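Below: the structure, in structure tokens.
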Amino acid sequence: MIKNYIKIAWRNLIRNRAFTAINIVGLALGLATCLLIGLFVINELSYDRYNEKADRIVRVVFKGTMNDEQMREANVMPPVAQTLKADYPEVLEATRLRSGGTPRITYGDKTFKEDAFAYVDSNFFQVFTLPLIKGDARTALVQPNTVVITSKVARKYFGDTDPMGKVLTFKESQATYTVTGVINKVPANSHFHKDIFASMASLPESREPNWLVSSYFTYLVLPEGYDYRLLEAKLPKVVETHLGAALEKMTGMSMADFQKQGNNLGLYLQPLTDIHLYSDLVPQSEMEPGGDIRYVYLFGAVALFMLLLACINFMNLSTAGASKRAKEVGIRKVMGSEKSRLVGQFLVESILLTGLSLVLGLGVATLVLPFFNDLSGKELNLDLLQTPSTLVGLILFGLLVGILAGSYPAFFLSSYKPISILKGGTTGRVASRGSIGLRSSLVVFQFCISIILIIGTTVVFRQLRYIQDTKLGYDKEQVVVLEGTWALGQNEEVLRQQLVRDSRVINASRSGFLPAGSDRSGILTVFPQGNEGKLTRLAYFGVDYQYVPTLGMKVVSGRNFSPSFPTDSAGVIINEAAAKHFGWQDNAIGQILTHPGMPGSPDRGKTYHVVGVVKDFHYRSLHEKIAPMVMALGDNSGSIIIKTKVQDMAGLVANLKEQWEAFRTEEPFQYSFLDETYWAAYEAEIRTGRILAIFAGLTIFVACLGLFGLVKFATEQRVKEIGVRKVLGASVASIVTLLSIDFLKLVLIALVIATPVAWYAMDLWLQDFAYKTSLSWWMVVVAVVVTVAIALLTISFQSIRAALVNPVKSLKSE
């Protein structure tokens with residue numbers, strides 16, 4: 001029986017090649033899209049779940065408000081881990097990680113600059129599941145000046161020799177570290193990626209009882225089944241006892257008085273598995289950029305809708321060809337075929353078609369995967385498909401899709417009435433109008449999804465254009481940043497002076513603080529003289545005399561730093577937001593800011609006088625409002641910012657490299673362009689826009705296949721009507737209009753439904769930006785024009801073809 005079903009199904013598929021090809025392509029695209037996005041979603045949801053204790057690990061984070069400044073930081077103070085472990089028995093383990101910068105490390109004649117270096121506590125590898133392939137996880141980092149490295153680093157420094165016991169030298173500090181362990185690597189789906197883990201015992205500041213400096217990522221292991229919120233409810237006492245005491249020493253203000261002024265500081269807990277997708281912390285405080293659960297929902301919905309559209313397309317095309325098989329069904333029923341066998345026959349055809357589509361879809365996914373990885377910034381692979389359980393699941397998935405996609409056509413075709421069919425009818429169904437209504441509804445649904453994606457893509461690219469055109473308050477164009485110039489020491493200023501003598505260079509400044517890309521600002525805690533209650537943490541930039549003119553910032557009052565004023569060593573330039581925050585408005589020049597400092601600190605009570613105010617500039621991404629900030633002379637080593645006026649940028653860069661290498665620093669020549677650094681902060685939005693654009697195109701294509709099927713169905717139902725109209729003198733244009741008008745109504749209905757949904761969804765998306773474009777009527781017009789134009793092309797092709805048929809052929813059976 002099954003063999004006969006398959007044989008007949010194959011013959012029917014071959015006989016109707018055009019329908020078969022369209023069905024297979026549409027369903028294959030839907031399955032390939034679903035598979036690719038499924039891999040993406042699974043990867044995003046798997047972050048940090050490789051840890052055996054993943055559901056028991058929480059991260060301690062710092063949140064608060066101080067004089068209207070919102071603080072949401074991923075790192076906390078050095079004593080937090082030890083304090084919580086000692087005071088609360090439910091804390092089974094506490095461990096810390098502190099980023100260690102980018103040291104230069106030497107072994108023998110090899111020197112490398114490492115940018116994935118961190119200090120960790122000795123129990124780090126007992127908390128996180130990073131098995132040591134050499135060494136003992138319990139003892140590897142107990143002693144100071146010991147390191148655990150990845151196998152990649154081991155090969156880089158030591159080749160094939162055993163790394164255990166080898167000694168690495170850190171160039172800057174001349175400290176030596178002994179290799180006491182090797183791990184394979186940190187999994188890709190982790191919220192941190194480090195290659196060298198040094199013992200925290202090597203870092204004296206890690207043992208300081210400082211409750212006012214946050215730079216340690218702190219993790220706790222809790223008992224199984226324990227609700228972390230119970231511990232979180234106890235943390236205000238820790239803040240009041242320890243942070244409150246430190247705050248009172250620094251400012252003379254008790255925590256109670258501090259809170260009465262509307263301020264609030266606190267420690268909170270964040271589940272490890274929430275860090276990647278659900279974190280609401282300032283991105284600059286994280287070790288790496290995280291994901292966003294909203295994008296997971298978005299792409300998951302796109303995958304689901306693509307699959308639904310493909311199945312709907314299958315239904316429409318199958319029922320569109322129903323009239324060709326009406327007499328076959330009638331004869332089968334007259335010969336005694338039962339409805340169940342007819343249903344079985346058509347379901348086998350559907351499953352066979354789905355199987356072919358699944359094979360093609362896997363092939364398409366395999367071919368497209370490298371491109372999708374580039375687009376999404378992932379390293380996805382199809383290895384998951386090689387496991388038996390996944391293969392079984394994929395086969396069951398194909399069967400399910402085949403049954404779902406073929407169920408309606410199977411029951412639709414098997415319900416034909418043989419008497420009506422054999423007397424010359426087409427469907428012989430009383431409820432044919434209802435079936436057409438269902439197919440029309442499916443087309444409306446398809447175009448709703450397409451329109452939503454068109455509007456969504458338009459808004460995303462409009463926001464990206466807004467980001468591009470926004471006046472940032474500084475000039476990012478044709479600015480080259482020479483990285484790592486701290487290695488020049490006193491020669492850093494020598495090189496800067498050499499560069500400004502070049503006719504291709506407008507100006508150059510020394511500073512490691514950039515207004516673009518990841519936040520490189522420091523923190524300076526100050527209060528206006530005599531007003532400790534206005535204690536504020538300001539973003540801090542260490543600059544030189546040329547920083548403001550090099551970046552084209554506008555001084556709105558006062559002046560820039562100048563060597564002519566020796567007192568500028570204690571001067572600061574603030575932005576307009578800082579002047580407004582302190583209530584100075586247009587009277588900021590000459591105002592005094594005091595740094596409280598800790599008792600015994602040389603900076604305690606240090607004062608700064610305001611010499612200038614610059615126009616607000618976006619030193620963080622447009623997701624955040626411009627916050628108060630301050631610039632001061634000093635601490636300006638790290639890079640040289642070069643404003644150029646040259647078309648031959650490659651020639652200038654080559655000259656920069658030549659001058660750099662003349663100093664023989666052993667530091668590699670590294671440079672970047674400020675505009676590219678700026679755009680790197682919006683990588684997620686750029687990727688989202690590109691992915692949405694591609695999938696919007698695919699959904700429109702699949703939707704048009706469904707529309708094509710419905711048009712074909714309608715024209716076949718009305719072939720004799722068209723013939724009669726032509727005999728009576730109807731023109732091709734009038735017939736095309738007659739056939740098109742009903743389908744254009746479906747597209748317009750889809751527009752009415754989809755537009756408010758898309759408008760609401762994109763308004764929510766834009767709320768994530770402090771500075772954003774506005775939703776405009778023309779975005780809807782674009783969606784209308786694009787959708788109607790594509791629909792008209794699809795409808796017209798089949799309508800014109802039907803209108804051009806010789807009426808003799810359509811009426812000869814009458």
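All residue names refer to the structure tokens as shown: chains lettered A, B, ... in order, residues numbered from 1 in each chain, ligands numbered from 1 in order.
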field: range 429-669 of chain A: residues DSSP assigns to alpha helix (DSSP H), reported as a PyMOL selection string
entry: chain A and resi 432-469+491-500+547-550+576-581+649-661
message: Which residues are close to Leu499 in chain A, i.e. within 10 Å by only C-alpha atoms, leaving aside same-chain residues fewer than 3 positions away? Reply as a VMD selection string.
response: chain A and resid 493 to 496 502 to 509 640 642 655 to 656 659
- prompt: Do you know which residues are at most 12 Å from Leu394 in chain A counting only C-alpha atoms, after dropping those on the same chain fewer than 3 positions away, and could you put them as number ranges by chain?
  reply: A: 31, 34-35, 354-355, 358-359, 361-362, 384-391, 397-401
Those same residues - all heavy atoms - I'd like them written as a compact mmCIF listing (two decimals), in the first residue's frame.
```
# COMPACT_ATOMS: atom_id res chain seq x y z
N LEU A 31 12.41 25.91 5.66
CA LEU A 31 13.11 24.98 6.53
C LEU A 31 14.55 25.42 6.76
O LEU A 31 15.07 25.33 7.89
CB LEU A 31 13.08 23.58 5.92
CG LEU A 31 11.71 22.89 5.91
CD1 LEU A 31 11.72 21.65 5.03
CD2 LEU A 31 11.28 22.53 7.33
N CYS A 34 14.50 28.36 9.13
CA CYS A 34 14.17 27.88 10.47
C CYS A 34 15.37 27.19 11.12
O CYS A 34 15.66 27.39 12.29
CB CYS A 34 12.99 26.92 10.39
SG CYS A 34 12.24 26.53 11.98
N LEU A 35 16.10 26.42 10.32
CA LEU A 35 17.26 25.71 10.84
C LEU A 35 18.37 26.67 11.24
O LEU A 35 18.95 26.56 12.33
CB LEU A 35 17.78 24.73 9.78
CG LEU A 35 19.00 23.89 10.16
CD1 LEU A 35 18.72 23.04 11.39
CD2 LEU A 35 19.42 23.00 8.99
N THR A 354 7.84 17.18 1.36
CA THR A 354 8.54 17.76 2.51
C THR A 354 9.92 17.15 2.67
O THR A 354 10.89 17.85 3.00
CB THR A 354 7.72 17.54 3.80
OG1 THR A 354 6.42 18.07 3.62
CG2 THR A 354 8.38 18.22 4.99
N GLY A 355 10.03 15.83 2.46
CA GLY A 355 11.34 15.18 2.55
C GLY A 355 12.32 15.74 1.55
O GLY A 355 13.49 16.02 1.89
N LEU A 358 13.26 19.12 2.73
CA LEU A 358 14.16 19.06 3.88
C LEU A 358 15.59 18.80 3.44
O LEU A 358 16.53 19.44 3.93
CB LEU A 358 13.69 17.97 4.85
CG LEU A 358 14.45 17.84 6.18
CD1 LEU A 358 14.40 19.15 6.95
CD2 LEU A 358 13.88 16.71 7.01
N VAL A 359 15.78 17.90 2.49
CA VAL A 359 17.12 17.62 1.96
C VAL A 359 17.70 18.87 1.30
O VAL A 359 18.85 19.24 1.53
CB VAL A 359 17.07 16.45 0.96
CG1 VAL A 359 18.43 16.28 0.27
CG2 VAL A 359 16.69 15.16 1.68
N GLY A 361 16.70 21.93 1.84
CA GLY A 361 16.88 22.94 2.88
C GLY A 361 18.17 22.75 3.65
O GLY A 361 18.87 23.72 3.97
N LEU A 362 18.51 21.49 3.96
CA LEU A 362 19.79 21.21 4.64
C LEU A 362 20.96 21.62 3.76
O LEU A 362 21.96 22.17 4.25
CB LEU A 362 19.88 19.72 4.98
CG LEU A 362 19.02 19.24 6.15
CD1 LEU A 362 19.05 17.72 6.25
CD2 LEU A 362 19.51 19.85 7.46
N LEU A 384 25.73 19.59 15.35
CA LEU A 384 24.59 19.13 16.16
C LEU A 384 23.74 18.12 15.39
O LEU A 384 23.12 17.24 15.98
CB LEU A 384 23.74 20.35 16.55
CG LEU A 384 22.61 20.12 17.56
CD1 LEU A 384 23.19 19.72 18.91
CD2 LEU A 384 21.78 21.39 17.71
N LEU A 385 23.75 18.23 14.05
CA LEU A 385 22.91 17.35 13.24
C LEU A 385 23.46 15.94 13.14
O LEU A 385 22.80 15.04 12.64
CB LEU A 385 22.77 17.94 11.83
CG LEU A 385 22.14 19.35 11.75
CD1 LEU A 385 22.05 19.79 10.30
CD2 LEU A 385 20.78 19.37 12.40
N GLN A 386 24.71 15.76 13.58
CA GLN A 386 25.34 14.45 13.47
C GLN A 386 25.01 13.52 14.63
O GLN A 386 25.31 12.34 14.59
CB GLN A 386 26.86 14.62 13.36
CG GLN A 386 27.29 15.40 12.12
CD GLN A 386 28.79 15.66 12.08
OE1 GLN A 386 29.54 15.14 12.91
NE2 GLN A 386 29.22 16.45 11.11
N THR A 387 24.40 14.06 15.66
CA THR A 387 24.03 13.22 16.80
C THR A 387 22.75 12.47 16.49
O THR A 387 21.83 13.02 15.86
CB THR A 387 23.85 14.07 18.07
OG1 THR A 387 22.82 15.02 17.82
CG2 THR A 387 25.14 14.81 18.40
N PRO A 388 22.63 11.19 16.91
CA PRO A 388 21.44 10.38 16.60
C PRO A 388 20.13 11.03 17.05
O PRO A 388 19.14 11.02 16.31
CB PRO A 388 21.69 9.08 17.36
CG PRO A 388 23.18 8.99 17.49
CD PRO A 388 23.64 10.41 17.64
N SER A 389 20.14 11.60 18.25
CA SER A 389 18.90 12.20 18.75
C SER A 389 18.46 13.37 17.89
O SER A 389 17.26 13.57 17.64
CB SER A 389 19.09 12.66 20.21
OG SER A 389 20.14 13.61 20.29
N THR A 390 19.44 14.15 17.42
CA THR A 390 19.10 15.29 16.57
C THR A 390 18.57 14.83 15.22
O THR A 390 17.62 15.41 14.68
CB THR A 390 20.33 16.18 16.36
OG1 THR A 390 20.85 16.57 17.63
CG2 THR A 390 19.97 17.43 15.58
N LEU A 391 19.19 13.76 14.66
CA LEU A 391 18.73 13.24 13.37
C LEU A 391 17.30 12.71 13.48
O LEU A 391 16.47 12.96 12.60
CB LEU A 391 19.67 12.13 12.90
CG LEU A 391 21.05 12.60 12.40
CD1 LEU A 391 21.93 11.40 12.08
CD2 LEU A 391 20.90 13.46 11.15
N PHE A 397 10.56 16.07 12.81
CA PHE A 397 10.20 17.44 12.47
C PHE A 397 9.71 17.50 11.02
O PHE A 397 8.70 18.14 10.71
CB PHE A 397 11.41 18.35 12.66
CG PHE A 397 11.21 19.77 12.19
CD1 PHE A 397 10.44 20.65 12.91
CD2 PHE A 397 11.81 20.22 11.02
CE1 PHE A 397 10.25 21.95 12.47
CE2 PHE A 397 11.64 21.51 10.59
CZ PHE A 397 10.86 22.38 11.31
N GLY A 398 10.42 16.82 10.11
CA GLY A 398 10.01 16.78 8.70
C GLY A 398 8.65 16.13 8.53
O GLY A 398 7.82 16.62 7.76
N LEU A 399 8.41 15.03 9.26
CA LEU A 399 7.11 14.37 9.20
C LEU A 399 6.00 15.28 9.70
O LEU A 399 4.91 15.35 9.10
CB LEU A 399 7.13 13.08 10.03
CG LEU A 399 7.93 11.90 9.44
CD1 LEU A 399 8.02 10.78 10.46
CD2 LEU A 399 7.28 11.41 8.15
N LEU A 400 6.28 15.97 10.80
CA LEU A 400 5.28 16.87 11.38
C LEU A 400 4.94 17.99 10.40
O LEU A 400 3.76 18.31 10.19
CB LEU A 400 5.80 17.45 12.70
CG LEU A 400 4.87 18.44 13.42
CD1 LEU A 400 3.57 17.75 13.81
CD2 LEU A 400 5.55 19.03 14.64
N VAL A 401 6.00 18.59 9.82
CA VAL A 401 5.77 19.67 8.86
C VAL A 401 4.98 19.14 7.66
O VAL A 401 4.06 19.79 7.16
CB VAL A 401 7.10 20.30 8.41
CG1 VAL A 401 6.88 21.25 7.23
CG2 VAL A 401 7.75 21.03 9.56
```
task: Identify, on the basis of only C-alpha atoms, every residue whose closest approach to Lys234 in chain A does not exceed 10 Å; exclude the query and any residue fewer than 4 positions from it along the same chain; express the result as a ChimeraX atom specification.
output: /A:88,229-230,238-239,267-268
message: I want to know what sits within 10 Å of Lys237 in chain A, based on only C-alpha atoms, with residues of the same chain fewer than 6 positions away left out; could you give that as a PyMOL selection string?
response: chain A and resi 243-244+266-267
query: What gap, in Å, lies between CA of Pro271 in chain A and CA of Leu45 in chain A?
result: 13.6 Å
Using only C-alpha atoms: which of A:Ile403, A:Ile574, A:Met631, A:Val781 has the shortest distance to Ile454 in chain A: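 Among A:Ile403, A:Ile574, A:Met631, A:Val781, it is A:Val781 that comes nearest to Ile454 in chain A.
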